[in-house]
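The file target-v6.tsv comes next; it holds TSV, C-alpha atoms.
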```tsv
chain	number	residue	atom	x	y	z
A	1	MET	CA	-7.69	13.79	-38.48
A	2	PRO	CA	-10.01	10.92	-37.39
A	3	ILE	CA	-11.73	11.04	-34.04
A	4	GLN	CA	-10.32	8.43	-31.68
A	5	ASP	CA	-12.71	6.18	-29.83
A	6	LYS	CA	-12.79	6.71	-26.10
A	7	TYR	CA	-12.51	3.77	-23.74
A	8	VAL	CA	-15.91	2.81	-22.36
A	9	PRO	CA	-15.88	0.26	-19.52
A	10	GLU	CA	-18.13	-2.74	-19.89
A	11	HIS	CA	-21.50	-2.77	-18.21
A	12	SER	CA	-21.54	-4.66	-14.93
A	13	PRO	CA	-24.77	-6.46	-14.02
A	14	ASN	CA	-23.70	-6.24	-10.36
A	15	VAL	CA	-23.45	-2.44	-10.14
A	16	PHE	CA	-26.35	0.00	-10.09
A	17	LEU	CA	-26.89	3.72	-9.53
A	18	VAL	CA	-29.03	5.01	-6.67
A	19	MET	CA	-30.14	8.62	-6.40
A	20	TYR	CA	-31.24	10.28	-3.16
A	21	ASP	CA	-33.18	13.41	-2.25
A	22	ALA	CA	-30.80	16.22	-1.28
A	23	GLU	CA	-33.27	17.56	1.30
A	24	ILE	CA	-33.38	14.20	3.09
A	25	GLY	CA	-29.67	13.57	2.65
A	26	LYS	CA	-27.76	10.36	2.10
A	27	GLU	CA	-27.78	9.13	5.72
A	28	PRO	CA	-30.84	6.83	5.28
A	29	LEU	CA	-29.22	5.38	2.15
A	30	LEU	CA	-25.92	4.82	3.99
A	31	LYS	CA	-27.81	3.00	6.76
A	32	ALA	CA	-29.47	0.70	4.20
A	33	ILE	CA	-26.12	0.13	2.47
A	34	LYS	CA	-24.64	-1.07	5.76
A	35	GLU	CA	-27.65	-3.28	6.60
A	36	TYR	CA	-27.71	-4.94	3.18
A	37	LYS	CA	-23.90	-5.26	2.99
A	38	VAL	CA	-23.78	-3.35	-0.29
A	39	GLU	CA	-20.43	-1.96	-1.48
A	40	VAL	CA	-20.16	1.72	-2.46
A	41	ILE	CA	-18.25	1.83	-5.75
A	42	TYR	CA	-18.47	5.59	-6.22
A	43	ASN	CA	-20.04	8.50	-4.37
A	44	TYR	CA	-20.85	11.20	-6.92
A	45	ASN	CA	-20.20	14.81	-5.94
A	46	ILE	CA	-21.96	16.52	-8.85
A	47	ILE	CA	-25.22	14.60	-8.44
A	48	ASN	CA	-27.00	13.15	-5.42
A	49	GLY	CA	-26.21	9.56	-6.18
A	50	MET	CA	-23.95	6.58	-5.63
A	51	ALA	CA	-22.82	3.64	-7.71
A	52	LEU	CA	-23.33	0.50	-5.62
A	53	LYS	CA	-22.30	-3.13	-6.02
A	54	LYS	CA	-24.77	-5.76	-4.90
A	55	PRO	CA	-23.77	-8.48	-2.44
A	56	ASP	CA	-22.66	-11.74	-4.06
A	57	ASP	CA	-25.40	-13.73	-2.34
A	58	LYS	CA	-28.30	-11.52	-3.60
A	59	THR	CA	-29.77	-10.84	-7.00
A	60	LEU	CA	-29.85	-7.30	-8.32
A	61	GLU	CA	-33.63	-7.25	-7.88
A	62	GLU	CA	-33.38	-8.41	-4.23
A	63	THR	CA	-30.79	-5.75	-3.49
A	64	MET	CA	-32.71	-2.92	-5.12
```

Could you show the structure in this file as structure tokens?
Amino acid sequence: MPIQDKYVPEHSPNVFLVMYDAEIGKEPLLKAIKEYKVEVIYNYNIINGMALKKPDDKTLEETM
């Protein structure tokens, strides 16, 4: 029986992953997200990280 290919979503140049220190917590990151008007795409529960979408009026480099 052949192995079926799994669906893999396309890479988005507007979304990036940010990791944070568990000892510091995610509050400073959430503050920066609000200030920069970044959209949280996903808040990971198994790792200390979030997938974020950059604002339309900024480049990825400016946002990071």

Could you list, as a PyMOL selection string, every residue within 9 Å of range 15-24 of chain A, counting all atoms listed in the file and ignoring same-chain residues fewer than 4 positions away?
chain A and resi 11+28-29+41+47-54+60+64

Neighbours of point (-26.9, -6.0, 2.7) within 10 Å, using all atoms listed in the file, written as a PyMOL selection string
chain A and resi 31-39+54-58+62-63

Put the listed atoms of range 34-45 of chain A in a box along x, y and z with 6 Å added on every side and give me the centre and edge lengths in Å to one decimal, as JSON.
```
{"center_x": -23.0, "center_y": 4.8, "center_z": -0.2, "size_x": 21.5, "size_y": 32.1, "size_z": 25.5}
```
